[in-house]
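Structure first, then comments.
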Amino acid sequence: MPDNTFYVAPALSGSDFETLLASFEPILPMVRASPPKGAAEFRWRSEVVVGPDFSVMRTRFSGDWSFSCAAIQEDLAIGFLGTGAADMVVGVKSVQRTTSTVALVALPTLRDHKVRTSADGSYSNVMLKFEARLVAKVLNAMFGKAALMNLDLAPTVDLSTGAGRALHQFARTIVQGTNDPQIMKRSPKAMALLTEATLRLVFEHVPHRLSSQLDRRAPDPTPRHIQQAIEHMHDNLHLPLTMIDIADAIGVSERSLQLGFRRFCDTTPAAYLRRIRLDAVHAELSSPVNQLPVYEVALKWGFTHRGRFASQYRAAFGAYPSETVKRTSTGGS
């Protein structure tokens, strides 16, 4: 069943094919597009939201049409179908997209994409595009110098697999953030972590030519490196810090950073960072001079999902954020 929140109707609509193509131009330039054929009126809906290092495009169509991509940057597109199907040519591979798969495409390799509406004449799609700069940053952190075009990344992942379900969940959270532009503006930390984590998930769990390198144990950093990482987190807690940023700052690979935290701290660097950000939220909510509502404070420190934040906060401090605020306002301890 399609996720009605994820596939909510885009804002822009029309029937003119050229106007539709113009709405794509900022993030999906096309070298060729073949308009739908037939007497029935073609209707479309489209919406594009551009964030830092990523974009989200949601579309709906009432007819079949096709295009090829003119992208030259090594951007990565991840697509989810709510209704309909699509036939793609990615490099030399012919691939079918369905509502039960996730599509993963290095955009310069997309030779052809044919939209096919379902039996009721509908097609709905959500596409996340990750900019080449961010893709290269994650790839280089994981594998050294590596190019997306040379990965031969598997073009689809089944949504029923663990990787497919995780990708869907990450995508839903990113789209939720773009539906409220204030989240991106007020919580760049959370969006930076989330987009980086999405790409790491792809390169760790979707087969490609460098997958075998993930099994090679990276050298562990020393306790001194871990202490430097912890100090860097505390010193830059106000920034949209990611695991790659931390690894670069202390001069180790991201994989070494992960292994080192597990060995010396019995946790992950992301979990450690989350905990000290929870500490920052707790300190602010416990301050009598705080005037911000709970959700504003949570956004400020990188938490965008209200329910998940409240659960994490309660697990850490034994009370919900609202209870902390109430105790502070009444002078309780």
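To be explicit about the labels: the chains of the structure tokens are called A, B, and onward in the order shown, and within each one the residues are counted from 1, while ligands get numbers from 1 in the order they are shown.
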
inquiry  = Which residues are near A:Arg314? Cut-off 12 Å, only C-alpha atoms, ignore same chain within fewer than 4 positions. Put them as a list of chain:residue names.
reply    = A:Arg275, A:Leu278, A:Asp279, A:Val281, A:His282, A:Gly307, A:Arg308, A:Phe309, A:Ala310, A:Gly318, A:Ala319, A:Tyr320, A:Pro321, A:Ser322, A:Glu323, A:Thr324

Let's have the selection written as a compact mmCIF listing (two decimals), in the first residue's frame, with C-alpha atoms.
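To be explicit, this is the file written out as out14.txt:
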```
# COMPACT_ATOMS: atom_id res chain seq x y z
CA ARG A 275 23.72 11.71 23.76
CA LEU A 278 20.42 15.35 24.38
CA ASP A 279 22.50 16.70 27.27
CA VAL A 281 18.68 19.97 25.19
CA HIS A 282 18.29 18.93 28.83
CA GLY A 307 8.01 11.26 19.03
CA ARG A 308 11.45 9.73 18.61
CA PHE A 309 13.09 12.69 20.35
CA ALA A 310 10.70 12.45 23.30
CA GLY A 318 13.81 9.40 33.09
CA ALA A 319 11.27 12.10 32.21
CA TYR A 320 9.70 13.61 29.11
CA PRO A 321 10.94 17.04 27.94
CA SER A 322 7.65 18.67 28.96
CA GLU A 323 8.11 17.32 32.48
CA THR A 324 11.57 18.91 32.67
```

As a JSON list (two decimals) with C-alpha atoms, in the first residue's frame, please: the residues near A:Thr98 (cut-off 12 Å, only C-alpha atoms, same-chain neighbours under 4 positions excluded).
```json
[["chain", "number", "residue", "atom", "x", "y", "z"],
["A", 2, "PRO", "CA", 1.36, 3.44, -0.86],
["A", 79, "GLY", "CA", 13.42, 6.77, -6.34],
["A", 80, "PHE", "CA", 10.24, 5.28, -4.88],
["A", 81, "LEU", "CA", 7.05, 4.53, -6.82],
["A", 82, "GLY", "CA", 3.64, 4.86, -5.19],
["A", 83, "THR", "CA", 1.70, 3.77, -8.30],
["A", 84, "GLY", "CA", 2.64, 2.72, -11.80],
["A", 85, "ALA", "CA", 5.93, 1.30, -13.08],
["A", 86, "ALA", "CA", 8.93, 2.39, -15.14],
["A", 87, "ASP", "CA", 11.47, 0.89, -17.53],
["A", 88, "MET", "CA", 15.01, 2.22, -17.29],
["A", 102, "VAL", "CA", 13.84, 1.27, -4.69],
["A", 103, "ALA", "CA", 15.72, 2.63, -7.71],
["A", 115, "VAL", "CA", 6.97, 6.16, -17.28],
["A", 116, "ARG", "CA", 4.17, 3.56, -17.30],
["A", 117, "THR", "CA", 0.92, 4.38, -15.55],
["A", 118, "SER", "CA", -1.06, 1.75, -13.63],
["A", 123, "TYR", "CA", 1.76, 7.21, -11.70],
["A", 124, "SER", "CA", 3.32, 8.68, -8.56],
["A", 125, "ASN", "CA", 6.99, 8.97, -7.72],
["A", 156, "THR", "CA", 17.27, -1.55, -7.63],
["A", 157, "VAL", "CA", 16.75, -2.83, -4.10],
["A", 158, "ASP", "CA", 13.71, -4.80, -2.95],
["A", 159, "LEU", "CA", 11.69, -2.85, -0.37]]
```

ask   = Per DSSP on the backbone, what are the alpha helix (DSSP H) residues of stretch 36-271 of chain A, as a ChimeraX atom specification?
value = /A:132-143,162-179,181-186,188-205,223-235,243-250,254-265,269-271

request  = Based on DSSP run over this structure's backbone, return all residues of stretch 118-263 of chain A in strand (DSSP E), as a ChimeraX atom specification.
outcome  = /A:123-130,156-158

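The space separating atom CA of A:Trp65 from atom CA of A:Val92 comes to 20.7 Å.
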
query = What's the 9 Å shell around A:Ser160, counting only C-alpha atoms, without same-chain residues fewer than 5 positions away, as a PyMOL selection string?
reply = chain A and resi 100-101+165

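The space between atom CA of A:Arg45 and atom CA of A:Ala192 spans 28.3 Å.
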
Report as CSV: every residue of stretch 95-131 of chain A with an atom at most 12 Å from stretch 9-27 of chain A, its closest pair of atoms, and their distance in Å to one decimal, counting only C-alpha atoms, with rows sorted by chain and ascending residue number.
```
residue,atom,partner,partner_atom,distance
A:Leu107,CA,A:Ile27,CA,10.5
A:Tyr123,CA,A:Ala9,CA,11.5
A:Ser124,CA,A:Ala9,CA,8.9
A:Asn125,CA,A:Pro10,CA,10.3
A:Val126,CA,A:Pro10,CA,10.0
A:Met127,CA,A:Ile27,CA,10.5
A:Leu128,CA,A:Ile27,CA,10.0
A:Lys129,CA,A:Ile27,CA,7.8
A:Phe130,CA,A:Ile27,CA,10.0
A:Glu131,CA,A:Ile27,CA,9.5
```

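Among A:Ile244, A:Leu257, A:Ile230, A:Ala106, the residue with the shortest atom-to-atom distance to A:Arg274, counting only C-alpha atoms, is A:Ile230.
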
Interface rows for stretch 197-289 of chain A against stretch 51-60 of chain A: nearest pair, Å to one decimal, 12 Å, only C-alpha atoms, as a tab-separated table:
```
residue	atom	partner	partner_atom	distance
A:Thr198	CA	A:Phe54	CA	11.2
A:Leu199	CA	A:Phe54	CA	11.1
A:Pro240	CA	A:Pro52	CA	11.1
```
